[in-house]
Structure formats: C-alpha cells, structure tokens
>>> print(open('structure38.txt').read())   # compact mmCIF, C-alpha atoms and all ligand atoms
# COMPACT_ATOMS: atom_id res chain seq x y z
CA MET U 46 0.00 0.00 0.00
CA PRO U 47 1.29 3.53 -0.76
CA PRO U 48 2.02 5.59 2.38
CA VAL U 49 -0.99 7.68 3.44
CA THR U 50 -0.23 11.41 3.68
CA PRO U 51 -1.06 12.55 7.21
CA LEU U 52 -3.45 15.50 7.49
CA ARG U 53 -1.82 18.71 8.72
CA PHE U 54 -4.20 18.45 11.63
CA VAL U 55 -2.29 18.33 14.92
CA THR U 56 -4.01 17.74 18.25
CA PHE U 57 -2.74 18.31 21.77
CA GLU U 58 -4.13 16.07 24.47
CA GLY U 59 -3.54 15.40 28.14
CA GLY U 60 -4.87 16.01 31.62
CA GLU U 61 -5.45 19.39 33.26
CA GLY U 62 -2.61 21.92 33.50
CA ALA U 63 -0.25 20.07 31.15
CA GLY U 64 0.75 23.21 29.19
CA LYS U 65 -1.11 22.42 25.96
CA SER U 66 -2.07 26.00 25.15
CA THR U 67 1.49 27.31 25.62
CA GLN U 68 2.87 24.65 23.28
CA ILE U 69 0.16 25.30 20.70
CA ARG U 70 1.04 28.99 20.73
CA LEU U 71 4.77 28.28 20.31
CA LEU U 72 4.19 25.79 17.48
CA ALA U 73 1.80 28.19 15.72
CA GLU U 74 4.47 30.93 15.89
CA ALA U 75 7.15 28.60 14.50
CA LEU U 76 4.92 27.45 11.63
CA ARG U 77 3.90 31.04 10.75
CA GLN U 78 7.54 32.10 10.74
CA ALA U 79 8.16 29.30 8.27
CA GLY U 80 5.48 30.87 6.05
CA GLU U 81 2.69 28.41 6.81
CA LEU U 82 -0.99 29.27 7.32
CA VAL U 83 -2.24 28.14 10.73
CA GLU U 84 -5.67 27.85 12.35
CA VAL U 85 -5.59 27.49 16.14
CA THR U 86 -8.71 26.13 17.74
CA ARG U 87 -10.00 24.11 20.70
CA GLU U 88 -12.50 21.56 21.93
CA PRO U 89 -15.08 21.55 23.23
CA GLY U 90 -15.68 24.72 21.22
CA GLY U 91 -14.30 26.41 18.13
CA THR U 92 -17.65 27.55 16.67
CA LYS U 93 -20.45 29.63 18.20
CA GLY U 94 -22.70 26.61 18.63
CA ALA U 95 -19.92 24.40 19.97
CA GLU U 96 -18.89 27.11 22.46
CA GLU U 97 -22.50 27.13 23.70
CA ILE U 98 -22.29 23.37 24.18
CA ARG U 99 -18.93 23.88 25.95
CA ALA U 100 -20.59 26.09 28.56
CA LEU U 101 -23.03 23.25 29.32
CA LEU U 102 -20.11 20.87 29.79
CA VAL U 103 -17.56 22.85 31.81
CA GLU U 104 -19.90 24.70 34.19
CA GLY U 105 -22.04 23.42 37.03
CA ALA U 106 -21.98 20.44 39.39
CA ALA U 107 -19.72 17.47 38.64
CA GLY U 108 -22.74 15.11 38.53
CA ARG U 109 -24.81 17.37 36.27
CA TRP U 110 -24.97 14.95 33.31
CA GLN U 111 -25.30 11.26 32.68
CA ALA U 112 -21.98 10.10 31.25
CA GLU U 113 -23.72 9.14 27.97
CA THR U 114 -25.25 12.63 27.69
CA GLU U 115 -21.85 14.11 28.26
CA ALA U 116 -20.19 12.02 25.54
CA LEU U 117 -22.96 12.87 23.07
CA LEU U 118 -22.61 16.59 23.85
CA HIS U 119 -18.85 16.39 23.17
CA PHE U 120 -19.48 14.64 19.85
CA ALA U 121 -22.24 17.12 18.96
CA ALA U 122 -19.84 20.02 19.53
CA ARG U 123 -17.18 18.12 17.54
CA ALA U 124 -19.50 17.60 14.54
CA GLU U 125 -20.08 21.38 14.38
CA HIS U 126 -16.38 22.10 14.78
CA LEU U 127 -15.37 19.64 12.05
CA ALA U 128 -17.97 20.95 9.59
CA HIS U 129 -17.45 24.67 10.12
CA VAL U 130 -13.78 25.06 11.11
CA ILE U 131 -11.51 22.02 10.84
CA ARG U 132 -12.45 20.63 7.41
CA PRO U 133 -12.72 24.05 5.70
CA ALA U 134 -9.32 25.13 7.12
CA LEU U 135 -7.62 21.91 5.96
CA ALA U 136 -9.26 22.28 2.54
CA ALA U 137 -7.86 25.83 2.35
CA GLY U 138 -4.33 24.47 2.91
CA LYS U 139 -4.00 25.59 6.51
CA TRP U 140 -2.50 23.69 9.41
CA VAL U 141 -5.04 23.08 12.16
CA LEU U 142 -3.69 23.01 15.71
CA CYS U 143 -6.37 21.90 18.12
CA ASP U 144 -6.38 21.98 21.92
CA ARG U 145 -8.06 18.59 22.65
CA PHE U 146 -10.01 16.41 20.23
CA ALA U 147 -11.59 12.93 20.18
CA ASP U 148 -8.92 11.28 22.36
CA SER U 149 -10.20 13.47 25.21
CA THR U 150 -13.63 11.84 24.90
CA LEU U 151 -12.07 8.37 25.00
CA ALA U 152 -9.91 9.35 28.00
CA TYR U 153 -12.40 11.44 30.05
CA GLN U 154 -15.73 9.77 29.24
CA GLY U 155 -14.32 6.28 28.53
CA TYR U 156 -11.40 5.60 30.86
CA GLY U 157 -12.41 8.33 33.37
CA GLN U 158 -16.21 8.03 33.53
CA GLY U 159 -16.37 4.34 32.61
CA LEU U 160 -18.32 4.45 29.33
CA ASP U 161 -18.00 1.56 26.91
CA LEU U 162 -14.92 2.18 24.75
CA ASP U 163 -16.36 0.36 21.71
CA TRP U 164 -19.44 2.61 21.75
CA LEU U 165 -17.21 5.70 21.91
CA TRP U 166 -15.06 4.40 19.03
CA THR U 167 -18.23 3.80 16.97
CA LEU U 168 -19.29 7.42 17.56
CA ARG U 169 -15.77 8.60 16.78
CA ARG U 170 -15.65 6.76 13.45
CA ARG U 171 -19.11 8.11 12.55
CA ILE U 172 -18.42 11.76 13.45
CA VAL U 173 -14.70 12.13 12.67
CA GLY U 174 -14.55 9.75 9.70
CA PRO U 175 -11.48 10.45 7.55
CA THR U 176 -10.59 13.63 9.48
CA GLU U 177 -8.42 11.91 12.11
CA PRO U 178 -5.40 14.01 13.16
CA GLY U 179 -2.11 13.44 11.36
CA LEU U 180 -0.25 13.79 14.65
CA THR U 181 -1.31 13.89 18.30
CA PHE U 182 0.82 15.01 21.22
CA MET U 183 -0.15 13.46 24.54
CA MET U 184 1.17 15.88 27.17
CA ASP U 185 2.05 13.70 30.14
CA LEU U 186 2.37 15.19 33.63
CA PRO U 187 1.86 13.70 37.13
CA VAL U 188 -1.83 14.19 37.98
CA GLU U 189 -1.31 16.17 41.22
CA LYS U 190 1.08 18.57 39.46
CA GLY U 191 -1.39 19.19 36.63
CA LEU U 192 -4.36 19.79 38.91
CA ALA U 193 -2.29 22.21 41.01
CA ARG U 194 -1.30 24.09 37.83
CA ALA U 195 -4.82 24.25 36.31
CA GLU U 196 -5.83 27.89 36.17
CA THR U 197 -9.52 27.52 36.90
CA GLU U 198 -11.48 25.17 39.07
CA GLN U 199 -14.22 24.06 36.69
CA ARG U 200 -16.45 21.03 36.44
CA TYR U 201 -13.87 18.47 35.28
CA GLU U 202 -11.23 19.66 37.76
CA ARG U 203 -13.74 18.81 40.53
CA MET U 204 -14.07 15.17 39.53
CA GLY U 205 -11.39 13.88 41.91
CA VAL U 206 -7.84 12.60 41.72
CA ASP U 207 -8.80 8.96 40.97
CA PHE U 208 -10.82 10.10 37.94
CA HIS U 209 -7.81 12.08 36.71
CA ARG U 210 -5.46 9.11 37.26
CA ARG U 211 -7.75 6.87 35.19
CA LEU U 212 -7.85 9.31 32.31
CA ALA U 213 -4.07 9.87 32.38
CA ASP U 214 -3.66 6.11 32.10
CA GLY U 215 -6.24 6.17 29.29
CA PHE U 216 -4.18 8.67 27.27
CA ARG U 217 -1.12 6.40 27.66
CA GLN U 218 -3.11 3.40 26.42
CA LEU U 219 -4.49 5.37 23.46
CA ALA U 220 -0.95 6.45 22.53
CA ALA U 221 0.39 2.91 22.81
CA ALA U 222 -2.40 1.61 20.55
CA ASP U 223 -1.62 4.12 17.75
CA PRO U 224 2.13 4.87 17.68
CA THR U 225 2.01 6.22 14.11
CA ARG U 226 -0.26 9.09 15.12
CA CYS U 227 0.54 9.61 18.80
CA ARG U 228 3.62 10.84 20.65
CA ILE U 229 3.84 11.01 24.44
CA ILE U 230 5.49 14.25 25.55
CA ASP U 231 7.07 14.58 29.00
CA ALA U 232 5.36 17.83 30.04
CA ALA U 233 7.37 18.24 33.27
CA ARG U 234 10.32 19.74 31.33
CA ALA U 235 11.05 23.41 30.57
CA ARG U 236 8.69 24.82 27.95
CA GLU U 237 11.51 25.63 25.47
CA VAL U 238 12.77 22.04 25.68
CA ILE U 239 9.26 20.69 25.06
CA ALA U 240 8.78 23.13 22.14
CA ALA U 241 12.04 21.98 20.50
CA ASP U 242 10.97 18.36 20.93
CA ILE U 243 7.58 19.09 19.33
CA ALA U 244 9.15 21.01 16.42
CA GLY U 245 11.44 18.04 15.71
CA LEU U 246 8.50 15.62 15.72
CA ILE U 247 6.58 17.91 13.33
CA ARG U 248 9.58 17.93 10.96
CA ASP U 249 9.86 14.15 11.08
CA ARG U 250 6.17 13.51 10.46
CA PHE U 251 5.40 16.18 7.86
CA GLY U 252 8.77 16.93 6.28
CA VAL U 253 8.50 20.72 6.87
CA SER U 254 11.57 22.71 7.85
CA LEU U 255 10.99 24.58 11.08
P1 LIG T 1 -9.88 22.50 28.65
O1 LIG T 1 -9.94 22.78 30.09
O2 LIG T 1 -8.65 21.75 28.26
O3 LIG T 1 -10.17 23.67 27.79
O4 LIG T 1 -11.09 21.45 28.31
C1 LIG T 1 -12.31 21.52 28.92
C2 LIG T 1 -12.62 20.30 29.72
O5 LIG T 1 -13.39 19.37 28.93
C3 LIG T 1 -11.42 19.52 30.20
O6 LIG T 1 -11.54 19.36 31.60
C4 LIG T 1 -11.53 18.18 29.53
C5 LIG T 1 -12.97 18.05 29.16
N1 LIG T 1 -13.24 17.26 27.93
C6 LIG T 1 -13.90 16.03 28.02
O7 LIG T 1 -14.23 15.59 29.12
N2 LIG T 1 -14.18 15.35 26.87
C7 LIG T 1 -13.85 15.83 25.62
O8 LIG T 1 -14.13 15.18 24.61
C8 LIG T 1 -13.16 17.10 25.54
C9 LIG T 1 -12.78 17.66 24.21
C10 LIG T 1 -12.88 17.78 26.72
>>> encode(input="structure38.txt", output="structure tokens", more="lines below")
Ligand code: TMP
Amino acid sequence: MPPVTPLRFVTFEGGEGAGKSTQIRLLAEALRQAGELVEVTREPGGTKGAEEIRALLVEGAAGRWQAETEALLHFAARAEHLAHVIRPALAAGKWVLCDRFADSTLAYQGYGQGLDLDWLWTLRRRIVGPTEPGLTFMMDLPVEKGLARAETEQRYERMGVDFHRRLADGFRQLAAADPTRCRIIDAARAREVIAADIAGLIRDRFGVSL
C-alpha cells in the first residue's frame, strides 16, 4: 500500500494543567515564521454553537450529566467544529492546531467516567470519519502537578484525583495503541525544551523545515 499522507491536523491532548495552550502557541508561531498558514482552535468549542455546548459541559456540578449525555454533547460540539472550522481550514491548505479532540472523549468519558470504549469508538468513526489528526501530542504530567497548575477550578477539575489518574492512564493506552499518530510528551520539562521536541517531531512527520 502507498504511504498515506497525514493531514496537517495536529491535536494536543492530556490532563489538566499540562501546558497544551502554551505549546500550541509556540508551534503556531514557529509554523507562521516558516510561512505556513495556521488555524488554532479548541475543543469543546471552536464555533459559536460548539462554544454554547462547551458552557453546558464545563460549568455546574460534577454530577450534572449522565456520562452518555456528556459524551454525546462532546461529539455534537465536535460535529459542528469539524464541519465549520476544521475541514474548511484543511481544505484551504491551513495547518489546524487543536487543543483537545476525540482522544479526550475516550480518556475522560471512557477511561475516566467508565463508558464503553467500543461505543465511543463507533461514535468517533461516525463523526470524525477520515478527518483523524495526522499527529497527536499526549502531554504527560503527574496528575497532582497538573491539577495544582490548572488555572480555573471548573467542572472536570472537581471530579477527583482517581478520575484524573484513570484518564491519564487512558491517554497512555491510546498512545500505545496508535504509535504512528501519537507521541507522548514529558510535560514536566522546561517549555523551550518541550517546544524543540515538538518542532522536531513535526519535521519528522510532515517533512517541513521549522
Ligand atoms: P480544557 O480545560 O482543556 O479547555 O477542556 C475543557 C474540559 O473538557 C477539560 O476538563 C476536559 C474536558 N473534555 C472532556 O471531558 N471530553 C472531551 O471530549 C473534551 C474535548 C474535553
């Protein structure tokens, strides 16, 4: 089979406070300096409708939703985001750098909240289809450190340390199952060191000179 060209769709995943947004900003700057067009976005969110769904998900009591409801809301927001932002940007030749994507649903609602992983993968295949990321960075940080660093105390931060341990383990399992797409990044290092690591992995995967 000929090698499949990976989409220039790069996702950043991990627990709370792992430094995803800083690394996205640094990578976006590096790509723009290299003359590339870049769209930076996030999940849940990225469109007006998906940001409205985000507010339902990140505010309020920890037990506000059934886990199934929660997973469906994340996929509903994702369907809007894919249709209105991600696919049009990729079609226009832009890089898309996204703060969280479908691995977060597997990790938080699957490994964390205990939903059936096969059901979540069925939804993922249906909603994401061929628009899987070309590369995913799993920012790995000890759970206590991440929770202490998280800037706001919102709904998911209130779900307890055991929940966060389960989802951190989930991200590691997701990465191990798909080594072509996923790279685990040790997020406890200095941000410049992490950024250099990420730039090197982007070069290797996409053949761009950064
Ligand atoms: P953020 O704090 O990284 O912006 O993300 C908002 C919260 O939503 C975060 O605590 C993780 C959670 N989340 C899920 O539980 N499932 C998902 O599919 C996504 C994208 C985020």
>>> residues_around(input="structure38.txt", residues="U:Gln78", least_positions_apart="5", cutoff="12 Å", atoms="all atoms listed in the file", output="list in words")
Leu71, Leu72, Ala73, Val83, Ser254 and Leu255 of chain U
>>> closest_atom_pairs(input="structure38.txt", of="stretch 112-180 of chain U", to="stretch 89-100 of chain U", cutoff="8 Å", atoms="only C-alpha atoms", output="Markdown table")
| residue | atom | partner | partner_atom | distance |
| --- | --- | --- | --- | --- |
| U:Leu118 | CA | U:Ile98 | CA | 6.8 |
| U:His119 | CA | U:Pro89 | CA | 6.4 |
| U:Ala121 | CA | U:Ala95 | CA | 7.7 |
| U:Ala122 | CA | U:Ala95 | CA | 4.4 |
| U:Arg123 | CA | U:Pro89 | CA | 7.0 |
| U:Glu125 | CA | U:Ala95 | CA | 6.4 |
| U:His126 | CA | U:Gly91 | CA | 5.8 |
| U:His129 | CA | U:Thr92 | CA | 7.2 |
| U:Val130 | CA | U:Gly91 | CA | 7.2 |
| U:Arg145 | CA | U:Pro89 | CA | 7.6 |
| U:Phe146 | CA | U:Pro89 | CA | 7.8 |
>>> atom_distance(input="structure38.txt", atom1="atom CA of U:Pro51", atom2="atom CA of U:Ala240")
20.8 Å
>>> closest_residue(input="structure38.txt", among="U:Arg169, U:Arg53, U:Arg109, U:Arg87", to="ligand LIG 1 (chain T)", atoms="only C-alpha atoms and all ligand atoms")
U:Arg87
>>> residues_near_ligand(input="structure38.txt", ligand="ligand LIG 1 (chain T)", cutoff="9 Å", atoms="all atoms listed in the file", output="PDB file with C-alpha atoms, in the frame of the given file")
ATOM      1  CA  GLU U  58      -4.130  16.070  24.470  1.00  0.00           C
ATOM      2  CA  GLY U  59      -3.540  15.400  28.140  1.00  0.00           C
ATOM      3  CA  GLY U  60      -4.870  16.010  31.620  1.00  0.00           C
ATOM      4  CA  GLU U  61      -5.450  19.390  33.260  1.00  0.00           C
ATOM      5  CA  GLY U  62      -2.610  21.920  33.500  1.00  0.00           C
ATOM      6  CA  LYS U  65      -1.110  22.420  25.960  1.00  0.00           C
ATOM      7  CA  SER U  66      -2.070  26.000  25.150  1.00  0.00           C
ATOM      8  CA  ARG U  87     -10.000  24.110  20.700  1.00  0.00           C
ATOM      9  CA  GLU U  88     -12.500  21.560  21.930  1.00  0.00           C
ATOM     10  CA  PRO U  89     -15.080  21.550  23.230  1.00  0.00           C
ATOM     11  CA  GLY U  90     -15.680  24.720  21.220  1.00  0.00           C
ATOM     12  CA  ARG U  99     -18.930  23.880  25.950  1.00  0.00           C
ATOM     13  CA  LEU U 102     -20.110  20.870  29.790  1.00  0.00           C
ATOM     14  CA  VAL U 103     -17.560  22.850  31.810  1.00  0.00           C
ATOM     15  CA  GLU U 115     -21.850  14.110  28.260  1.00  0.00           C
ATOM     16  CA  ALA U 116     -20.190  12.020  25.540  1.00  0.00           C
ATOM     17  CA  LEU U 118     -22.610  16.590  23.850  1.00  0.00           C
ATOM     18  CA  HIS U 119     -18.850  16.390  23.170  1.00  0.00           C
ATOM     19  CA  PHE U 120     -19.480  14.640  19.850  1.00  0.00           C
ATOM     20  CA  ALA U 122     -19.840  20.020  19.530  1.00  0.00           C
ATOM     21  CA  ARG U 123     -17.180  18.120  17.540  1.00  0.00           C
ATOM     22  CA  ASP U 144      -6.380  21.980  21.920  1.00  0.00           C
ATOM     23  CA  ARG U 145      -8.060  18.590  22.650  1.00  0.00           C
ATOM     24  CA  PHE U 146     -10.010  16.410  20.230  1.00  0.00           C
ATOM     25  CA  ALA U 147     -11.590  12.930  20.180  1.00  0.00           C
ATOM     26  CA  ASP U 148      -8.920  11.280  22.360  1.00  0.00           C
ATOM     27  CA  SER U 149     -10.200  13.470  25.210  1.00  0.00           C
ATOM     28  CA  THR U 150     -13.630  11.840  24.900  1.00  0.00           C
ATOM     29  CA  LEU U 151     -12.070   8.370  25.000  1.00  0.00           C
ATOM     30  CA  ALA U 152      -9.910   9.350  28.000  1.00  0.00           C
ATOM     31  CA  TYR U 153     -12.400  11.440  30.050  1.00  0.00           C
ATOM     32  CA  GLN U 154     -15.730   9.770  29.240  1.00  0.00           C
ATOM     33  CA  GLY U 157     -12.410   8.330  33.370  1.00  0.00           C
ATOM     34  CA  GLN U 158     -16.210   8.030  33.530  1.00  0.00           C
ATOM     35  CA  ALA U 195      -4.820  24.250  36.310  1.00  0.00           C
ATOM     36  CA  GLU U 196      -5.830  27.890  36.170  1.00  0.00           C
ATOM     37  CA  THR U 197      -9.520  27.520  36.900  1.00  0.00           C
ATOM     38  CA  GLN U 199     -14.220  24.060  36.690  1.00  0.00           C
ATOM     39  CA  ARG U 200     -16.450  21.030  36.440  1.00  0.00           C
ATOM     40  CA  TYR U 201     -13.870  18.470  35.280  1.00  0.00           C
ATOM     41  CA  GLU U 202     -11.230  19.660  37.760  1.00  0.00           C
TER      42      GLU U 202
END
>>> atom_distance(input="structure38.txt", atom1="atom CA of U:Gly138", atom2="atom CA of U:Gly245")
21.3 Å
>>> closest_residue(input="structure38.txt", among="U:Ala134, U:Leu117, U:Val55, U:Ile69", to="U:Trp164", atoms="all atoms listed in the file")
U:Leu117
>>> atom_distance(input="structure38.txt", atom1="atom CA of U:Asp223", atom2="atom CA of U:Met183")
11.6 Å
>>> closest_residue(input="structure38.txt", among="U:Glu113, U:Glu189, U:Asp242, U:Glu81", to="U:Arg210", atoms="all atoms listed in the file")
U:Glu189
>>> closest_residue(input="structure38.txt", among="U:Leu76, U:Ala233, U:Ala107, U:Pro133", to="U:Arg194", atoms="only C-alpha atoms")
U:Ala233
>>> closest_residue(input="structure38.txt", among="U:Ala241, U:Ala79, U:Leu52, U:Ala106", to="U:Arg203", atoms="all atoms listed in the file")
U:Ala106
>>> residues_around(input="structure38.txt", residues="U:Leu135", least_positions_apart="4", cutoff="8 Å", atoms="all atoms listed in the file", output="number ranges by chain")
U: 52-54, 131, 139-141
>>> residues_around(input="structure38.txt", residues="U:Gly64", least_positions_apart="6", cutoff="9 Å", atoms="all atoms listed in the file", output="ChimeraX atom specification")
/U:184,191,194,232,236
>>> closest_residue(input="structure38.txt", among="U:Val238, U:Leu219, U:Ile243, U:Leu168", to="U:Ala124", atoms="only C-alpha atoms")
U:Leu168
>>> decode(input="structure38.txt", residues="stretch 89-102 of chain U", atoms="all heavy atoms", output="compact mmCIF listing (two decimals), in the first residue's frame")
# COMPACT_ATOMS: atom_id res chain seq x y z
N PRO U 89 -13.87 21.28 23.99
CA PRO U 89 -15.08 21.55 23.23
C PRO U 89 -15.14 23.03 22.88
O PRO U 89 -14.79 23.87 23.68
CB PRO U 89 -16.20 21.15 24.21
CG PRO U 89 -15.59 21.21 25.57
CD PRO U 89 -14.14 20.92 25.39
N GLY U 90 -15.57 23.33 21.66
CA GLY U 90 -15.68 24.72 21.22
C GLY U 90 -15.25 24.89 19.78
O GLY U 90 -15.30 23.97 18.99
N GLY U 91 -14.83 26.13 19.46
CA GLY U 91 -14.30 26.41 18.13
C GLY U 91 -15.31 27.02 17.17
O GLY U 91 -14.91 27.61 16.17
N THR U 92 -16.62 26.85 17.44
CA THR U 92 -17.65 27.55 16.67
C THR U 92 -18.62 28.13 17.70
O THR U 92 -18.61 27.71 18.87
CB THR U 92 -18.47 26.63 15.74
OG1 THR U 92 -19.36 25.84 16.55
CG2 THR U 92 -17.60 25.72 14.92
N LYS U 93 -19.51 29.02 17.25
CA LYS U 93 -20.45 29.63 18.20
C LYS U 93 -21.30 28.55 18.88
O LYS U 93 -21.42 28.50 20.09
CB LYS U 93 -21.33 30.65 17.46
CG LYS U 93 -22.18 31.47 18.37
CD LYS U 93 -22.83 32.64 17.63
CE LYS U 93 -23.75 33.42 18.56
NZ LYS U 93 -24.95 32.64 18.95
N GLY U 94 -21.84 27.66 18.07
CA GLY U 94 -22.70 26.61 18.63
C GLY U 94 -21.93 25.68 19.55
O GLY U 94 -22.39 25.33 20.64
N ALA U 95 -20.72 25.31 19.14
CA ALA U 95 -19.92 24.40 19.97
C ALA U 95 -19.46 25.07 21.26
O ALA U 95 -19.33 24.41 22.29
CB ALA U 95 -18.72 23.88 19.17
N GLU U 96 -19.24 26.40 21.22
CA GLU U 96 -18.89 27.11 22.46
C GLU U 96 -20.09 27.14 23.41
O GLU U 96 -19.94 27.10 24.63
CB GLU U 96 -18.40 28.54 22.18
CG GLU U 96 -17.03 28.63 21.48
CD GLU U 96 -15.83 28.21 22.35
OE1 GLU U 96 -15.92 28.29 23.60
OE2 GLU U 96 -14.80 27.79 21.78
N GLU U 97 -21.31 27.20 22.85
CA GLU U 97 -22.50 27.13 23.70
C GLU U 97 -22.59 25.76 24.37
O GLU U 97 -22.91 25.65 25.55
CB GLU U 97 -23.76 27.45 22.87
CG GLU U 97 -23.86 28.94 22.56
CD GLU U 97 -24.92 29.30 21.50
OE1 GLU U 97 -25.67 28.40 21.06
OE2 GLU U 97 -24.97 30.47 21.11
N ILE U 98 -22.29 24.73 23.60
CA ILE U 98 -22.29 23.37 24.18
C ILE U 98 -21.19 23.27 25.24
O ILE U 98 -21.37 22.67 26.30
CB ILE U 98 -22.12 22.30 23.08
CG1 ILE U 98 -23.32 22.34 22.12
CG2 ILE U 98 -21.97 20.90 23.70
CD1 ILE U 98 -23.18 21.45 20.88
N ARG U 99 -20.02 23.90 24.97
CA ARG U 99 -18.93 23.88 25.95
C ARG U 99 -19.38 24.41 27.32
O ARG U 99 -19.06 23.82 28.36
CB ARG U 99 -17.75 24.73 25.45
CG ARG U 99 -16.59 24.80 26.42
CD ARG U 99 -15.53 25.82 26.01
NE ARG U 99 -14.51 25.91 27.02
CZ ARG U 99 -13.39 25.19 27.02
NH1 ARG U 99 -13.12 24.36 26.05
NH2 ARG U 99 -12.53 25.30 28.00
N ALA U 100 -20.14 25.52 27.28
CA ALA U 100 -20.59 26.09 28.56
C ALA U 100 -21.43 25.08 29.34
O ALA U 100 -21.31 24.99 30.57
CB ALA U 100 -21.37 27.38 28.29
N LEU U 101 -22.24 24.28 28.63
CA LEU U 101 -23.03 23.25 29.32
C LEU U 101 -22.12 22.22 29.97
O LEU U 101 -22.44 21.66 31.01
CB LEU U 101 -23.94 22.53 28.32
CG LEU U 101 -25.03 23.35 27.63
CD1 LEU U 101 -25.74 22.51 26.58
CD2 LEU U 101 -26.04 23.85 28.67
N LEU U 102 -20.98 21.96 29.35
CA LEU U 102 -20.11 20.87 29.79
C LEU U 102 -19.14 21.28 30.90
O LEU U 102 -18.82 20.47 31.77
CB LEU U 102 -19.31 20.33 28.60
CG LEU U 102 -20.13 19.44 27.65
CD1 LEU U 102 -19.47 19.37 26.28
CD2 LEU U 102 -20.30 18.05 28.25
